[in-house]
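input.cif follows (mmCIF, C-alpha atoms):
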```cif
data_coords
#
loop_
_atom_site.label_atom_id
_atom_site.label_comp_id
_atom_site.auth_asym_id
_atom_site.auth_seq_id
_atom_site.Cartn_x
_atom_site.Cartn_y
_atom_site.Cartn_z
CA MET A 1 21.03 4.46 -13.79
CA LYS A 2 24.15 2.52 -12.71
CA LYS A 3 24.25 4.56 -9.49
CA VAL A 4 20.64 3.63 -8.72
CA ILE A 5 21.32 -0.09 -9.26
CA PHE A 6 24.37 0.20 -6.99
CA ILE A 7 22.28 1.85 -4.20
CA ILE A 8 19.61 -0.86 -4.34
CA SER A 9 22.25 -3.62 -4.37
CA LEU A 10 23.95 -2.03 -1.36
CA MET A 11 20.67 -1.89 0.60
CA LEU A 12 19.95 -5.55 -0.12
CA PHE A 13 23.51 -6.41 0.95
CA LEU A 14 23.17 -4.50 4.22
CA PHE A 15 19.81 -6.16 4.90
CA PRO A 16 20.27 -9.76 3.63
CA PHE A 17 17.14 -11.81 3.05
CA ASP A 18 17.86 -14.43 5.73
CA PHE A 19 18.03 -11.62 8.25
CA LEU A 20 14.86 -10.01 6.91
CA LEU A 21 12.72 -13.11 7.11
CA ALA A 22 10.12 -12.78 9.87
CA GLN A 23 11.39 -14.32 13.06
CA GLU A 24 9.11 -16.40 15.23
CA GLY A 25 8.98 -15.66 18.92
CA GLU A 26 8.38 -18.18 21.66
CA GLU A 27 5.62 -20.70 21.04
CA VAL A 28 2.15 -19.23 21.54
CA ILE A 29 -1.38 -20.45 21.08
CA GLN A 30 -2.53 -17.58 18.82
CA ARG A 31 -1.07 -14.42 17.30
CA ASN A 32 -2.50 -11.37 15.55
CA ARG A 33 -0.17 -9.11 13.55
CA LEU A 34 -1.27 -5.46 13.78
CA THR A 35 -0.84 -3.55 10.55
CA VAL A 36 -1.92 -0.32 8.89
CA GLN A 37 -3.48 -0.34 5.41
CA ASN A 38 -1.02 1.73 3.37
CA ALA A 39 -2.73 1.66 -0.05
CA ASP A 40 -4.89 4.54 -1.24
CA THR A 41 -8.50 3.90 -2.29
CA ARG A 42 -7.82 3.93 -6.04
CA SER A 43 -4.89 1.52 -5.74
CA LEU A 44 -6.95 -0.93 -3.67
CA ALA A 45 -9.61 -1.08 -6.39
CA LEU A 46 -6.88 -1.82 -8.95
CA GLY A 47 -5.59 -4.83 -7.03
CA SER A 48 -2.71 -2.84 -5.46
CA SER A 49 -0.96 -3.15 -8.84
CA THR A 50 -0.23 0.60 -9.17
CA LEU A 51 3.48 0.35 -8.39
CA ALA A 52 4.38 2.31 -11.54
CA ASP A 53 1.27 4.50 -11.86
CA ILE A 54 2.17 8.20 -11.51
CA TYR A 55 -1.38 9.49 -12.00
CA PHE A 56 -1.97 10.30 -8.29
CA SER A 57 0.91 11.12 -5.95
CA ASP A 58 -1.08 9.93 -2.88
CA ALA A 59 -0.26 6.32 -3.90
CA PHE A 60 3.15 6.55 -2.19
CA GLY A 61 2.08 3.79 0.22
CA ILE A 62 2.51 1.39 -2.72
CA ASN A 63 5.76 2.95 -3.96
CA PRO A 64 7.37 5.98 -2.25
CA ALA A 65 9.03 7.04 -5.51
CA ILE A 66 5.58 8.05 -6.82
CA VAL A 67 5.67 11.18 -4.65
CA GLY A 68 8.43 12.47 -6.93
CA PHE A 69 5.93 12.88 -9.79
CA GLY A 70 3.37 15.61 -9.13
CA GLU A 71 2.36 16.59 -12.65
CA HIS A 72 -1.31 15.78 -12.08
CA GLY A 73 -2.08 18.26 -9.32
CA ASN A 74 -1.71 18.51 -5.56
CA TYR A 75 -4.35 17.10 -3.23
CA ILE A 76 -5.27 16.60 0.40
CA HIS A 77 -6.78 13.11 0.88
CA GLY A 78 -8.93 11.48 3.51
CA SER A 79 -10.08 7.84 3.61
CA LEU A 80 -11.98 5.41 5.82
CA ASN A 81 -11.48 1.64 5.61
CA GLN A 82 -13.60 -1.06 7.27
CA ASP A 83 -12.54 -4.71 7.53
CA TRP A 84 -15.77 -6.72 7.27
CA ASN A 85 -14.41 -9.69 9.20
CA THR A 86 -12.90 -7.93 12.21
CA ASN A 87 -14.77 -4.61 12.02
CA ILE A 88 -11.46 -2.81 12.38
CA LEU A 89 -11.80 0.78 11.15
CA GLN A 90 -8.94 2.88 9.79
CA ALA A 91 -9.03 6.62 9.17
CA THR A 92 -6.22 8.17 7.11
CA LEU A 93 -5.34 11.76 6.24
CA ALA A 94 -2.69 12.47 3.59
CA LEU A 95 -1.36 16.01 3.47
CA PRO A 96 -0.49 17.92 0.27
CA ARG A 97 2.75 17.06 -1.49
CA LEU A 98 5.66 19.43 -0.96
CA GLU A 99 8.29 20.01 -3.67
CA VAL A 100 11.57 21.90 -3.55
CA GLY A 101 13.71 21.50 -6.64
CA ARG A 102 14.30 17.78 -7.16
CA HIS A 103 13.12 16.92 -3.64
CA SER A 104 9.51 15.94 -2.86
CA ILE A 105 7.79 14.97 0.39
CA GLY A 106 4.45 13.35 1.10
CA SER A 107 3.07 12.71 4.60
CA ARG A 108 0.19 10.82 6.11
CA LEU A 109 -1.41 10.11 9.50
CA SER A 110 -3.48 6.95 10.15
CA ALA A 111 -5.50 5.76 13.15
CA VAL A 112 -6.80 2.18 13.54
CA ASN A 113 -9.37 1.03 16.10
CA ARG A 114 -12.32 -1.30 16.60
CA GLY A 115 -15.57 0.03 15.15
CA PRO A 116 -19.05 -0.31 16.69
CA ALA A 117 -20.03 -4.00 16.86
CA ALA A 118 -23.43 -3.19 15.35
CA ILE A 119 -21.91 -2.52 11.91
CA ASN A 120 -19.76 -5.65 11.78
CA ILE A 121 -21.27 -7.48 8.81
CA GLY A 122 -18.77 -10.35 8.69
CA ASP A 123 -17.65 -13.21 10.92
CA ALA A 124 -14.75 -12.20 13.13
CA PRO A 125 -11.91 -14.73 13.58
CA ALA A 126 -11.60 -16.59 16.88
CA PHE A 127 -8.73 -14.36 18.03
CA ASN A 128 -9.75 -10.75 17.46
CA PRO A 129 -8.07 -8.58 20.12
CA THR A 130 -8.98 -4.99 20.88
CA TYR A 131 -6.19 -2.55 20.08
CA THR A 132 -5.38 0.95 18.83
CA LEU A 133 -2.74 1.93 16.28
CA VAL A 134 -1.57 5.41 15.32
CA GLN A 135 0.94 5.70 12.48
CA ALA A 136 2.75 8.74 11.08
CA SER A 137 4.55 8.25 7.77
CA VAL A 138 6.70 10.45 5.54
CA ALA A 139 7.65 9.66 1.94
CA TYR A 140 10.70 11.35 0.46
CA ALA A 141 11.60 11.16 -3.22
CA TYR A 142 14.59 12.50 -5.12
CA ARG A 143 14.12 13.18 -8.84
CA ILE A 144 17.43 11.78 -10.11
CA HIS A 145 16.46 12.63 -13.66
CA GLU A 146 13.42 14.10 -15.39
CA HIS A 147 12.16 10.55 -15.91
CA LEU A 148 13.55 8.79 -12.81
CA SER A 149 12.58 9.01 -9.13
CA LEU A 150 14.09 7.24 -6.10
CA GLY A 151 12.04 7.26 -2.90
CA THR A 152 11.82 6.00 0.66
CA LEU A 153 8.87 5.76 3.03
CA GLN A 154 9.57 6.04 6.76
CA TYR A 155 6.85 5.33 9.32
CA VAL A 156 6.50 5.22 13.08
CA THR A 157 3.66 3.24 14.68
CA TYR A 158 2.30 3.57 18.21
CA ALA A 159 0.41 0.47 19.41
CA ASP A 160 -1.81 0.20 22.47
CA HIS A 161 -3.26 -3.11 23.70
CA LEU A 162 -4.85 -3.49 27.14
CA SER A 163 -2.13 -2.27 29.53
CA ASP A 164 0.69 -2.60 26.99
CA SER A 165 1.91 0.04 24.57
CA GLY A 166 4.96 0.64 22.45
CA VAL A 167 6.46 2.24 19.35
CA SER A 168 7.87 0.54 16.25
CA TYR A 169 9.60 1.76 13.09
CA GLY A 170 9.45 0.67 9.46
CA ALA A 171 10.72 1.71 6.04
CA ASP A 172 10.15 0.98 2.33
CA LEU A 173 12.24 1.72 -0.77
CA GLY A 174 11.09 2.42 -4.31
CA LEU A 175 12.29 3.36 -7.78
CA LEU A 176 10.11 4.64 -10.64
CA TYR A 177 11.07 5.19 -14.28
CA ALA A 178 8.67 7.24 -16.42
CA PRO A 179 10.17 7.74 -19.91
CA ASP A 180 8.49 9.58 -22.75
CA GLY A 181 5.79 7.16 -23.82
CA ALA A 182 2.71 5.38 -22.56
CA VAL A 183 4.45 2.87 -20.24
CA THR A 184 6.06 3.51 -16.84
CA TYR A 185 8.12 1.01 -14.80
CA ALA A 186 8.88 0.55 -11.10
CA ILE A 187 10.44 -1.64 -8.42
CA ALA A 188 9.90 -1.49 -4.66
CA PHE A 189 11.14 -3.28 -1.55
CA ARG A 190 8.84 -3.03 1.47
CA GLY A 191 9.07 -4.19 5.06
CA LEU A 192 12.27 -3.00 6.76
CA GLY A 193 11.46 -2.83 10.45
CA GLN A 194 9.05 -4.37 12.96
CA ASP A 195 5.29 -4.85 13.35
CA PRO A 196 3.43 -4.91 16.67
CA VAL A 197 1.91 -8.35 17.35
CA VAL A 198 -0.61 -9.44 19.99
CA LEU A 199 0.31 -12.88 21.34
CA ARG A 200 -2.01 -15.12 23.34
CA ASP A 201 -0.74 -18.02 25.46
CA GLU A 202 -1.76 -19.71 28.68
CA ALA A 203 -0.77 -16.61 30.67
CA GLY A 204 -3.06 -14.32 28.63
CA GLU A 205 -2.45 -11.68 25.95
CA ARG A 206 0.61 -9.48 25.54
CA LEU A 207 2.03 -7.03 23.02
CA ASN A 208 5.21 -8.06 21.22
CA TYR A 209 7.19 -7.04 18.11
CA GLU A 210 8.29 -9.16 15.15
CA MET A 211 10.19 -8.47 11.94
CA MET A 212 7.91 -7.27 9.14
CA HIS A 213 7.03 -9.50 6.22
CA GLN A 214 9.36 -8.41 3.43
CA VAL A 215 8.12 -7.88 -0.12
CA LEU A 216 9.92 -7.28 -3.42
CA GLU A 217 7.66 -6.08 -6.25
CA ILE A 218 8.22 -5.18 -9.91
CA GLY A 219 5.54 -3.60 -12.09
CA ALA A 220 4.54 -1.47 -15.08
CA THR A 221 1.59 0.74 -16.06
CA LEU A 222 0.22 1.51 -19.51
CA ARG A 223 -1.81 4.71 -19.81
CA TYR A 224 -3.61 6.07 -22.89
CA PRO A 225 -3.45 8.74 -24.12
CA GLU A 226 -0.01 9.24 -22.67
CA PHE A 227 0.36 13.04 -22.57
CA GLU A 228 -3.12 14.13 -21.44
CA ASP A 229 -4.47 14.76 -17.92
CA TYR A 230 -7.61 12.90 -18.90
CA HIS A 231 -6.82 9.31 -19.95
CA TYR A 232 -9.31 6.87 -21.48
CA PHE A 233 -7.86 3.88 -19.67
CA SER A 234 -4.87 2.62 -17.71
CA PHE A 235 -3.68 -0.94 -17.22
CA SER A 236 -1.25 -1.96 -14.47
CA LEU A 237 0.62 -5.23 -13.92
CA SER A 238 3.00 -6.27 -11.14
CA ASN A 239 4.65 -9.36 -9.66
CA GLU A 240 5.16 -9.50 -5.90
CA LYS A 241 7.41 -11.86 -3.96
CA ARG A 242 6.53 -12.21 -0.28
CA PHE A 243 9.54 -13.78 1.40
CA ASN A 244 7.46 -15.46 4.10
CA GLU A 245 5.39 -17.33 1.48
CA ASP A 246 5.99 -19.84 -1.29
CA GLY A 247 5.19 -18.79 -4.84
CA MET A 248 4.49 -15.35 -6.31
CA TRP A 249 1.58 -12.93 -6.30
CA TYR A 250 0.46 -11.70 -9.73
CA LYS A 251 -1.53 -8.46 -9.80
CA ALA A 252 -3.48 -6.65 -12.50
CA GLY A 253 -5.65 -3.53 -12.50
CA LEU A 254 -7.77 -1.89 -15.17
CA GLU A 255 -9.25 1.61 -15.01
CA VAL A 256 -11.64 2.83 -17.73
CA LEU A 257 -13.02 6.39 -18.01
CA PRO A 258 -16.11 6.40 -20.26
CA VAL A 259 -16.44 10.13 -19.48
CA SER A 260 -13.94 12.51 -17.95
CA PHE A 261 -15.59 12.60 -14.49
CA LEU A 262 -16.22 8.86 -14.01
CA ALA A 263 -13.67 6.05 -13.52
CA LEU A 264 -14.61 2.35 -13.43
CA ARG A 265 -11.99 0.12 -11.81
CA SER A 266 -11.32 -3.56 -11.28
CA GLY A 267 -8.32 -5.50 -10.02
CA LEU A 268 -7.16 -9.03 -9.43
CA MET A 269 -4.54 -10.63 -7.19
CA LEU A 270 -3.54 -14.23 -7.91
CA GLN A 271 -1.29 -16.60 -6.00
CA THR A 272 -0.97 -19.87 -7.94
CA GLU A 273 0.94 -21.81 -5.25
CA ASP A 274 -2.09 -21.95 -2.93
CA ASN A 275 -4.70 -21.20 -5.60
CA ARG A 276 -5.65 -17.88 -3.98
CA LEU A 277 -7.73 -15.48 -6.09
CA VAL A 278 -8.57 -12.03 -4.71
CA PRO A 279 -10.82 -9.76 -6.85
CA ARG A 280 -11.20 -6.02 -6.25
CA PHE A 281 -13.62 -3.43 -7.64
CA GLY A 282 -14.06 0.32 -7.40
CA ILE A 283 -15.38 3.56 -8.80
CA GLY A 284 -14.20 7.16 -8.85
CA THR A 285 -15.94 10.44 -9.60
CA SER A 286 -14.59 13.98 -9.82
CA PHE A 287 -16.37 17.32 -9.80
CA SER A 288 -14.36 20.52 -10.03
CA ILE A 289 -11.79 20.32 -7.19
CA LEU A 290 -13.37 17.31 -5.42
CA ARG A 291 -12.74 13.62 -6.13
CA PHE A 292 -14.58 10.70 -4.53
CA ASP A 293 -13.26 7.12 -4.65
CA TYR A 294 -14.70 3.84 -3.43
CA SER A 295 -13.14 0.37 -3.43
CA ILE A 296 -14.42 -3.01 -2.28
CA GLY A 297 -12.82 -6.40 -1.69
CA PRO A 298 -15.67 -8.92 -1.35
CA ASN A 299 -13.48 -12.05 -1.28
CA GLU A 300 -14.82 -14.19 1.59
CA ARG A 301 -12.80 -17.29 0.74
CA ASN A 302 -9.41 -15.76 1.57
CA ASN A 303 -10.69 -13.77 4.53
CA VAL A 304 -9.99 -10.46 2.76
CA ARG A 305 -13.25 -8.54 2.91
CA PHE A 306 -13.24 -4.76 3.18
CA HIS A 307 -14.42 -1.52 1.66
CA GLN A 308 -12.79 1.89 1.64
CA PHE A 309 -14.08 5.40 0.98
CA GLY A 310 -11.79 8.20 -0.16
CA LEU A 311 -12.31 11.95 -0.57
CA SER A 312 -9.74 14.27 -2.18
CA LEU A 313 -9.57 18.04 -2.41
CA GLN A 314 -7.37 19.60 -5.10
CA LEU A 315 -5.44 22.65 -3.92
#
```
With the file now loaded, output its structure as structure tokens.
Amino acid sequence: MKKVIFIISLMLFLFPFDFLLAQEGEEVIQRNRLTVQNADTRSLALGSSTLADIYFSDAFGINPAIVGFGEHGNYIHGSLNQDWNTNILQATLALPRLEVGRHSIGSRLSAVNRGPAAINIGDAPAFNPTYTLVQASVAYAYRIHEHLSLGTLQYVTYADHLSDSGVSYGADLGLLYAPDGAVTYAIAFRGLGQDPVVLRDEAGERLNYEMMHQVLEIGATLRYPEFEDYHYFSFSLSNEKRFNEDGMWYKAGLEVLPVSFLALRSGLMLQTEDNRLVPRFGIGTSFSILRFDYSIGPNERNNVRFHQFGLSLQL
């Protein structure tokens, strides 16, 4: 455990926070940061609070150390996300988890583009540029101990906007501790690298790159019963510090299974500094080797309105 703390401390020393804070470019009239939705459908419904939840290994977009725990089966996942305000569509395919000894790998490919205008059911913001993103990501986890996993997520993003295109790189770090018992614990640092950004000024629009918004998150998950594949409920909590914002984000997610093939989910994200409240809801069903998940974020006030469909096939 002391070695793990030393590794994390070393990473934070090599990438000090004042360096990691997002840097502003030259003054522009408007900007639009282009990002890929990294959370799986189940995690979105639970308020993205699943930092320490080892139930599904496809949640490595929240914490890459999760891919080190594969006790609950191996799946191939596909999902489709629609932003109701911008009508941006994202399709994601996550490949089966690979495990060799203490080493585990998860991989995913995502494509982001503008959907047909006819299905845009929200009000798009004033600056809503047309662009295409393709991202390939690989999560690697090392099982330090039977109960402890250390992971990193590496991703490369290709961005195309009008006549501009380019490639950027990013990385996340995560640690997950799952002792014998009902509660698991985790910590993650996300946002090492750059995001593509579309800038608009008097000369027009152009593609640029800025440092990612860095995030440090700590969380825990309670699951009951603790040693069964089928659990009656799980409850996740996490605190997230976004270094480009004042205050903290507090997240909570509750999943209840009244029967073994049906999961009812709800989540909440709260930022007290600006009084921002973001509710999430979802449902999951499983039949034999297939699992279907749906999540929705109907929060119009904070401009976070989306829904996401997910389909999983157990191998």
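CA of Ala171 in chain A is found 17.1 Å from CA of Arg33 in chain A.
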*asked:* Given the PyMOL selection byres ((chain A and resi 265) around 10) and the file above, list the residues it selects as a VMD selection string.
replied: chain A and resid 42 to 47 233 to 235 253 to 257 262 to 264 266 to 267 280 to 284 294 to 295
Kindly save the residues from that selection, with C-alpha atoms included, as a compact mmCIF listing (two decimals), in the frame of the given file.
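out-v2.txt, written as the output of this step:
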```
# COMPACT_ATOMS: atom_id res chain seq x y z
CA ARG A 42 -7.82 3.93 -6.04
CA SER A 43 -4.89 1.52 -5.74
CA LEU A 44 -6.95 -0.93 -3.67
CA ALA A 45 -9.61 -1.08 -6.39
CA LEU A 46 -6.88 -1.82 -8.95
CA GLY A 47 -5.59 -4.83 -7.03
CA PHE A 233 -7.86 3.88 -19.67
CA SER A 234 -4.87 2.62 -17.71
CA PHE A 235 -3.68 -0.94 -17.22
CA GLY A 253 -5.65 -3.53 -12.50
CA LEU A 254 -7.77 -1.89 -15.17
CA GLU A 255 -9.25 1.61 -15.01
CA VAL A 256 -11.64 2.83 -17.73
CA LEU A 257 -13.02 6.39 -18.01
CA LEU A 262 -16.22 8.86 -14.01
CA ALA A 263 -13.67 6.05 -13.52
CA LEU A 264 -14.61 2.35 -13.43
CA SER A 266 -11.32 -3.56 -11.28
CA GLY A 267 -8.32 -5.50 -10.02
CA ARG A 280 -11.20 -6.02 -6.25
CA PHE A 281 -13.62 -3.43 -7.64
CA GLY A 282 -14.06 0.32 -7.40
CA ILE A 283 -15.38 3.56 -8.80
CA GLY A 284 -14.20 7.16 -8.85
CA TYR A 294 -14.70 3.84 -3.43
CA SER A 295 -13.14 0.37 -3.43
```
_Measuring between only C-alpha atoms, which one of A:Gly310, A:Gly297, A:Thr221, A:Phe60 shows the shortest distance to Asn85 in chain A?_
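Selected residue with least distance to Asn85 in chain A: A:Gly297.
Using only C-alpha atoms for every distance, the candidate list A:Gly181, A:Gly78, A:Pro196, A:Gly204 yields A:Pro196 as the residue closest to Val134 in chain A.
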*asked:* Here is a test: counting all atoms listed in the file, which residue of A:Thr132, A:Asn275, A:Asn63, A:Ser57 is nearest to Leu95 in chain A?
replied: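 Of A:Thr132, A:Asn275, A:Asn63, A:Ser57, the one nearest Leu95 in chain A, counting all atoms listed in the file, is A:Ser57.
What the PyMOL selection byres ((chain A and resi 133) around 8) matches in the given file is A:Leu34, A:Val36, A:Ser110, A:Ala111, A:Val112, A:Asn113, A:Tyr131, A:Thr132, A:Val134, A:Gln135, A:Thr157, A:Tyr158, A:Ala159, A:Asp160.
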_Applying the PyMOL selection byres ((chain A and resi 150) around 12) to the file I just gave you, which residues come out? Please list them as a PyMOL selection string._
chain A and resi 1+3-5+7-8+60+63-69+102-105+139-149+151-153+172-178+186-189
*Please indicate the distance in Å from CA of Gln314 in chain A to CA of Ala220 in chain A, rounded to one decimal place.*
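Separating CA of Gln314 in chain A from CA of Ala220 in chain A is a distance of 26.2 Å.
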*Find the residue from A:Arg108, A:Glu217, A:Arg114, A:Asn38 that sits nearest to Asn87 in chain A; use all atoms listed in the file when measuring.*
A:Arg114
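The spacing separating CA of Asp274 in chain A from CA of Ser49 in chain A amounts to 19.7 Å.
Counting all atoms listed in the file, Met248 in chain A has the following residues at most 10 Å away, ignoring those fewer than 4 positions along the same chain: Glu217, Asn239, Glu240, Lys241, Arg242, Phe243, Leu270, Gln271, Thr272, Glu273 and Asp274 of chain A.
Taking all atoms listed in the file, the non-local environment of Asn208 in chain A within 10 Å (same-chain residues fewer than 4 positions away omitted) comprises A:Gly25, A:Arg31, A:Arg33, A:Ala159, A:Asp164, A:Ser165, A:Gly166, A:Gln194, A:Asp195, A:Pro196, A:Val197, A:Val198, A:Leu199.
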*Among listed residues A:Glu245, A:Glu99, A:Asp53, A:Asp40, nearest His77 in chain A (using all atoms listed in the file)*: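 Among A:Glu245, A:Glu99, A:Asp53, A:Asp40, it is A:Asp40 that comes nearest to His77 in chain A.
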*Scan for residues within 6 Å of the point (-0.3, -10.0, -9.4) in the coordinates of the file, using all atoms listed in the file, and reply as JSON, numbers by chain.*
{"A": [238, 239, 249, 250, 251, 252, 269, 270]}
